[in-house]
Every structure is written in structure tokens, then in C-alpha cells.
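Right, one structure below, let's go through it.
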Amino acid sequence: MVKPAVAIVGRPNVGKSTIFNRIVGERISIVEDTSGVTRDRIYADAEWLGREFSLIDTGGITMEDEPLNEQIRQQAQIAIEEADVIIMMTSIKEGVTQEDEQVAPILFKSGKPVILAVNKADNPELRADTYEFYSLGLGEPYPISGAHGLGLGDVLDEVIKHFPEHEEEYDESTIKFSIIGRPNVGKSSLVNAIIGEERVIVSNIAGTTREAVDTRFETANGREFVVIDTAGMRKKGKVYENTEKYSVLRALRAIERSDVVLCVINAEEGIREQDKRVFGYAQEAGKRIIIVVNKWDTVEKETNTMKEFELEVREQFQYLSYAPIVFVSALTKKRLHLLPEKIEEVYMNQNLRIQSSILNDVVMDAVATNPTPTDKGRRLKIFYTTQVSVSPPTFIIFVNDPELLHFSYARFLENRFRDTFNFEGTPIRIIPRQRK
Ligand code: GDP
Ligand code: GDP
């Protein structure tokens, strides 16, 4: 299911990040804590009345060198391109400003639903004072206070009313994938080279705005794929698309909508710090991953060159130990045909369901070769293991005390599962549970 996106737009200091944090709540810090990847606070998961959505703070996407009104105009444009619903924020303190008057018509003309929020309405007198904001032509102004958490519920009620009806963009059997990586690793070249070899399907899905930027194609064996978000890669050059934060946002949006993510490394330049950050986003999202080493044509090869590069990748991306590595060249098209095959394989792996009886045999064998750990004289006892879900495969292990299942032993079990079953490319979750 695709989550709708909501963007907050408004001039600096109206309280956008305050509201962003209020709506997102604790979630964002949890994500940051577990991954070691510091995600910019421009994009996060949120929920209201059981409806999940992604929240974008366009204020965090600054184009430093531009004058203020140009920055705000660009942020409005990003919101229009990325979001299903837009919250335009103003502040009762300053009243309607010139910048507000400049942005409002741009948003209005986009045809996207816009909710007008008037922040810093901290007390009832101020709340009564919002009528002047009708002049922006965006309908009813909603008074809110980020500082006191007032009025947000009304805004969010209105926001979710405008979520699009359709939940599935593509047929369920269609495999959605995206290609992420630093600038210049060859993402666009890869997309063009892959779809150049296949039959491209002209999309006729009604009612989705995204189809325009995706490319659907079918391989010779009749399997349908969609490359997510290729327009952003294929028509380049718009100033704001070149800003680092905007490209991060695009990558996060694309990952969100993908079944499989191709993480691309440039063989010519080798592995860089930035690669780790970018791939971390896909890992964090729990997506199936394939590591693609592109521009392999540029590398002088000796007998062990590929093996050595592979070792280097494994060393640098230890958290992606489950991801297969494919060496290709978008230029010469060498081994490129392997990609759709690999994507399909990895996709199927994630839907693998293992029978409990088989699973428990594997766990028993594992315990026999490597006894469970002890802590302060108490030994971990494993009673029963069961797979509770797919995408990603999630296993619950019933034990005497979850504290005793240390990370390293969970890792050991995960590796045994991987040795026995084909979970290549997919993350696995292991959750210890106490059995009473
Ligand atoms: P942004 O630049 O739009 O992201 O604005 P911030 O969220 O950084 O807020 C700007 C300033 O306004 C900060 O000093 C906030 O504490 C303050 N602020 C945010 N919301 C409110 C509010 O509801 N009432 C008042 N009085 N101040 C607020
Ligand atoms: P993106 O920024 O990641 O989308 O990268 P592009 O697809 O625009 O490619 C950046 C540059 O690398 C272009 O000049 C491409 O022609 C070049 N390039 C892409 N793939 C390959 C490849 O496999 N081999 C070589 N030698 N050059 C490539």
C-alpha cells in the first residue's frame, strides 16, 4: 500500500518544524537511534486516526544562495510535486505577509488540496483573530498552536479527508523497484539501459499522479516491473533538484514505494562515505536490496579483481551482508540482463514462508552445534520458533528470558536461517518473546 504524502509549506519561523515534530511525535527519534543513520528531519512517517502518511517539511530543504522569496517559491514547488495534500502555514503573530501572499496563489493554482493553518494562536483571543487570512484565498484558516499543541487535530482531520482513494498503484504481481546512489554513479544510465532492452508498457492507470514519473516494462518471460521515480532522474537540471536534501527526499520517497532497491556503487571511483548514508535509508526502511557495482568496464581486471572488490563491499557494508552484489556496465550493457532476474528472485525470497516444523529442526541443529549463551549463571532456553510474517520475513522465538538472547546469538541464528533457506537480498527480523 502506498502512503499518501503531506507537505508543510511556509516562510521561515512560522513554526513548521515545531508542528512537524508534534505530528511525527516520537517516531523519528526511534528511527535515528536504531540505525546510526542520521535522517534529516525533512521526511518522516506519521499517523492520524489510523491513517498512515509521510510528512515532509519543505522548510528543511533550503537553497542557501537564493533570496528568501525564491526559496519559498521553490519549496512550494517541491510540495506540489511530492505531496498529495499541502499544509500552508502562516503565523498570527505577523499576520498575512508579503511572502504568504506570494505563495498562496502558487499552491492554489496547483489544484492540490491545501489546508491553511495559522500558527501561534496560543490563546482564545488570538484564535478569534484569524479572519484576515481568508484574504489568501485558500478557504477557512485553521488556528493552531504548535507551542501548546492546540488545533492540530482539526487540521489533520481535514488533511486525511483529502487523501486519494486508490491505495494500490499497480497490479500486485508487478514488481516495483528503484535505483539509488550518489550523483554520477550511473542511475539514469542504468534505467535507460535496462528499459532499452525490454518492452515498455504505456501506462493507462487512471487517477494516479505518479504513473507519469514511473516506467513500466515487461521482460521476455512475461514478468512486469516498474522503475519508480525515473523522471526525477531522467530530466535533470532544475536547480532545486540538485540540492542535496531534495535528492535525499526523492530517494526516500522512491524507496518507500519500492519492493526492491538497487543500491549503486561507481566502480571507477570506489566506495565513498556518502554511499553508506544513502544505502542506509533503504536498509532502515526494511527493503530488499541488491548492490549494483556499475561502470565495471572502467576497471582494469586481473584474475581476482571482482573477488577483491566484493570483499571490499562486504567489509564496508556489513549491515547489508544479505544483499547480493551484481557487477554491471550501463555503458557496454555487460551482465545487465541479470538485473531483472535478480530483482525477481530477491522479490520472491521475501515472500518465503517456512513451516514451523522445519524451522524448529533448524533451530535445534543450530543449538546443538553452538550452545545457547548464559548470563549470570542463567542459560537461554529456546522453546519454539515460528515465522509470523513475510515482507520482511519475521520470526518470533519463544524463550525463557528475552534478555538472554544477545545480539550475537540472534545473528548466529539469522545466519543459520540464511544458510538453510534462500533469503538473499531480504532483511530478516528476529523477535524474542517470553514464554510463560
Ligand atoms: P520554522 O522555521 O517554520 O520551521 O519554525 P520553527 O518551528 O523553528 O519555529 C520558529 C519559532 O516559533 C520557534 O522559536 C518556536 O518556538 C516558535 N513557535 C513555534 N510554534 C509556536 C506557537 O504555537 N506559539 C508560539 N508563541 N511560538 C511558536
Ligand atoms: P546518475 O547521476 O547516477 O544518474 O548518473 P548518470 O547515469 O547520469 O551517469 C553519470 C556519467 O557516468 C555519465 O557520463 C554516464 O555516461 C557515465 N556512465 C554511466 N554508466 C556507466 C558505465 O557503466 N560505464 C562508464 N564508463 N560510464 C558510465
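Ordered as shown in the C-alpha cells, chains take letters A, B, and onward, while each chain numbers its residues from 1 and ligands are numbered from 1 in the order shown.
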
Quiz item: Can I get the residues close to ligand 1 as number ranges by chain, where close means within 6 Å and we count only C-alpha atoms and all ligand atoms?
Solution: A: 12-18, 119-120, 122, 145-147

Can you write just those residues out, C-alpha atoms, as a PDB file, in the first residue's frame?
ATOM      1  CA  PRO A  12      10.791  30.681   7.976  1.00  0.00           C
ATOM      2  CA  ASN A  13       9.856  30.923  11.638  1.00  0.00           C
ATOM      3  CA  VAL A  14       6.122  30.317  11.357  1.00  0.00           C
ATOM      4  CA  GLY A  15       6.676  27.081  13.281  1.00  0.00           C
ATOM      5  CA  LYS A  16       6.903  24.413  10.574  1.00  0.00           C
ATOM      6  CA  SER A  17       9.473  22.243  12.309  1.00  0.00           C
ATOM      7  CA  THR A  18       7.670  22.605  15.635  1.00  0.00           C
ATOM      8  CA  ASN A 119       0.084  29.039  13.914  1.00  0.00           C
ATOM      9  CA  LYS A 120       0.958  30.738  17.215  1.00  0.00           C
ATOM     10  CA  ASP A 122      -1.805  30.429  21.649  1.00  0.00           C
ATOM     11  CA  SER A 145      -0.606  26.459  18.366  1.00  0.00           C
ATOM     12  CA  GLY A 146       2.481  24.353  17.955  1.00  0.00           C
ATOM     13  CA  ALA A 147       3.715  25.527  21.317  1.00  0.00           C
TER      14      ALA A 147
END

Practice problem: Pick out the residues no farther than 6 Å from ligand 2, counting only C-alpha atoms and all ligand atoms, and list them as a PyMOL selection string. | Solution: chain A and resi 183-189+233+294-295+297-298+329-331

Resulting file, chosen residues, N, CA and C atoms, as a PDB file, in the first residue's frame:
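For reference, selection14.pdb as written:
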ATOM      1  N   PRO A 183      25.150  11.103  -6.841  1.00  0.00           N
ATOM      2  CA  PRO A 183      25.132  11.635  -8.201  1.00  0.00           C
ATOM      3  C   PRO A 183      26.266  11.011  -9.018  1.00  0.00           C
ATOM      4  N   ASN A 184      25.984  10.745 -10.291  1.00  0.00           N
ATOM      5  CA  ASN A 184      27.017  10.284 -11.219  1.00  0.00           C
ATOM      6  C   ASN A 184      27.427   8.822 -11.132  1.00  0.00           C
ATOM      7  N   VAL A 185      26.776   8.044 -10.263  1.00  0.00           N
ATOM      8  CA  VAL A 185      27.141   6.621 -10.216  1.00  0.00           C
ATOM      9  C   VAL A 185      26.587   5.890 -11.445  1.00  0.00           C
ATOM     10  N   GLY A 186      25.607   6.536 -12.103  1.00  0.00           N
ATOM     11  CA  GLY A 186      25.061   5.930 -13.320  1.00  0.00           C
ATOM     12  C   GLY A 186      23.613   5.472 -13.191  1.00  0.00           C
ATOM     13  N   LYS A 187      22.863   6.086 -12.297  1.00  0.00           N
ATOM     14  CA  LYS A 187      21.467   5.678 -12.085  1.00  0.00           C
ATOM     15  C   LYS A 187      20.629   5.850 -13.351  1.00  0.00           C
ATOM     16  N   SER A 188      20.687   7.043 -13.930  1.00  0.00           N
ATOM     17  CA  SER A 188      19.873   7.276 -15.136  1.00  0.00           C
ATOM     18  C   SER A 188      20.311   6.368 -16.266  1.00  0.00           C
ATOM     19  N   SER A 189      21.625   6.207 -16.405  1.00  0.00           N
ATOM     20  CA  SER A 189      22.131   5.333 -17.471  1.00  0.00           C
ATOM     21  C   SER A 189      21.623   3.913 -17.278  1.00  0.00           C
ATOM     22  N   MET A 233      15.141  11.340 -12.348  1.00  0.00           N
ATOM     23  CA  MET A 233      16.499  11.050 -12.782  1.00  0.00           C
ATOM     24  C   MET A 233      16.694  11.412 -14.238  1.00  0.00           C
ATOM     25  N   ASN A 294      28.370  -0.521 -10.684  1.00  0.00           N
ATOM     26  CA  ASN A 294      28.276  -0.062 -12.080  1.00  0.00           C
ATOM     27  C   ASN A 294      29.632   0.444 -12.582  1.00  0.00           C
ATOM     28  N   LYS A 295      29.722   0.673 -13.867  1.00  0.00           N
ATOM     29  CA  LYS A 295      30.940   1.139 -14.545  1.00  0.00           C
ATOM     30  C   LYS A 295      32.077   0.125 -14.410  1.00  0.00           C
ATOM     31  N   ASP A 297      33.169  -1.659 -16.534  1.00  0.00           N
ATOM     32  CA  ASP A 297      34.014  -1.575 -17.738  1.00  0.00           C
ATOM     33  C   ASP A 297      35.265  -0.720 -17.533  1.00  0.00           C
ATOM     34  N   THR A 298      35.215   0.179 -16.557  1.00  0.00           N
ATOM     35  CA  THR A 298      36.351   1.101 -16.384  1.00  0.00           C
ATOM     36  C   THR A 298      37.488   0.504 -15.556  1.00  0.00           C
ATOM     37  N   SER A 329      27.772  -2.980 -16.357  1.00  0.00           N
ATOM     38  CA  SER A 329      28.141  -1.736 -17.020  1.00  0.00           C
ATOM     39  C   SER A 329      26.937  -1.242 -17.807  1.00  0.00           C
ATOM     40  N   ALA A 330      26.463  -0.048 -17.429  1.00  0.00           N
ATOM     41  CA  ALA A 330      25.354   0.530 -18.175  1.00  0.00           C
ATOM     42  C   ALA A 330      25.823   0.910 -19.576  1.00  0.00           C
ATOM     43  N   LEU A 331      27.110   1.163 -19.695  1.00  0.00           N
ATOM     44  CA  LEU A 331      27.676   1.603 -20.980  1.00  0.00           C
ATOM     45  C   LEU A 331      27.753   0.452 -21.983  1.00  0.00           C
TER      46      LEU A 331
END

Exercise. Could you find all residues in region 113-218 of chain A that DSSP calls strand (DSSP E) from the backbone, and write them as number ranges by chain?
Key: A: 114-119, 141-143, 175-180, 199-201, 215-218

Practice problem: Using only C-alpha atoms, pick whichever of A:Ala282, A:Leu55, A:Leu136, A:Ile271 has the shortest atom-to-atom distance to Leu311 (chain A). | Solution: A:Ile271

Practice problem: May I ask which of the residues A:Leu262, A:Leu405, A:Ile255, A:Val367 is the closest one to Lys342 (chain A), counting only C-alpha atoms? | Solution: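 Answer, going by the shortest atom-to-atom distance: A:Leu262.
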
Quiz item: Which of these, A:Glu82, A:Glu273, A:Glu344, A:Glu70, has the shortest distance to Gly181 (chain A) once you count only C-alpha atoms?
Solution: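 Result for the nearest residue to Gly181 (chain A): A:Glu273.
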
Exercise. Pick out the residues sitting within 10 Å of Gln98 (chain A), and hand them over as a ChimeraX atom specification; count only C-alpha atoms, and ignore anything fewer than 4 positions along from it in its own chain.
Key: /A:69,102-103

Same residues, C-alpha atoms, saved as a PDB file, in the first residue's frame:
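The result, written out as out.pdb:
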ATOM      1  CA  ASN A  69      11.080  34.644  -1.774  1.00  0.00           C
ATOM      2  CA  GLN A 102       3.165  35.228  -2.943  1.00  0.00           C
ATOM      3  CA  VAL A 103       2.968  31.521  -2.109  1.00  0.00           C
TER       4      VAL A 103
END

Self-check item: Length of the CA of Cys263 (chain A) to CA of Gln74 (chain A) vector [Å]
Solution: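 For CA of Cys263 (chain A) relative to CA of Gln74 (chain A), the distance reads 28.3 Å.
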
Exercise. Compile the contact shell of region 406-420 of chain A as a ChimeraX atom specification: residues with an atom at most 12 Å away, counting only C-alpha atoms, same-chain residues fewer than 4 positions apart removed.
Key: /A:319,321-323,349-350,352-354,358-375,379-380,382,385,387,393-397,399,401-402,424-432

Quiz item: Of the candidates A:Lys381, A:Lys112, A:Arg11, A:His337, which one gets nearest to Leu138 (chain A) if we count only C-alpha atoms?
Solution: A:Lys112

Quiz prompt | For CA of Met89 (chain A) and CA of Gly10 (chain A), the interatomic separation in Å (one decimal) | solution =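 One can read the CA of Met89 (chain A) to CA of Gly10 (chain A) distance as 4.9 Å.
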
Quiz item: For the atom pair CA of Ile61 (chain A) and CA of Ala254 (chain A), what is the interatomic distance in Å to one decimal place?
Solution: 17.3 Å

Quiz prompt | Spatial neighbours of Ile56 (chain A), 7 Å, only C-alpha atoms, chain gap at least 5 places, as a list in words | solution =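 Contacts, with the query itself left out: Val6, Ala7, Ile8, Ile42, Tyr43 and Ala44 of chain A.
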
Exercise. Give me the residues within 10 Å of Glu218 (chain A) as a PyMOL selection string, counting only C-alpha atoms and dropping any in the same chain fewer than 3 places off.
Key: chain A and resi 174+195+197-201+221-226+340

Quiz prompt | Pick from A:Ile265, A:Leu252, A:Leu150, A:Glu341, whichever lies nearest to Ala220 (chain A) using only C-alpha atoms | solution =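 Between A:Ile265, A:Leu252, A:Leu150, A:Glu341, the residue approaching Ala220 (chain A) most closely is A:Glu341.
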
Practice problem: Just the alpha helix (DSSP H) stuff from region 22-224 of chain A, please, per backbone DSSP, written as an MDAnalysis selection string. | Solution: chainID A and resid 22:24 27:35 68:82 98:110 124:127 152:161 187:197
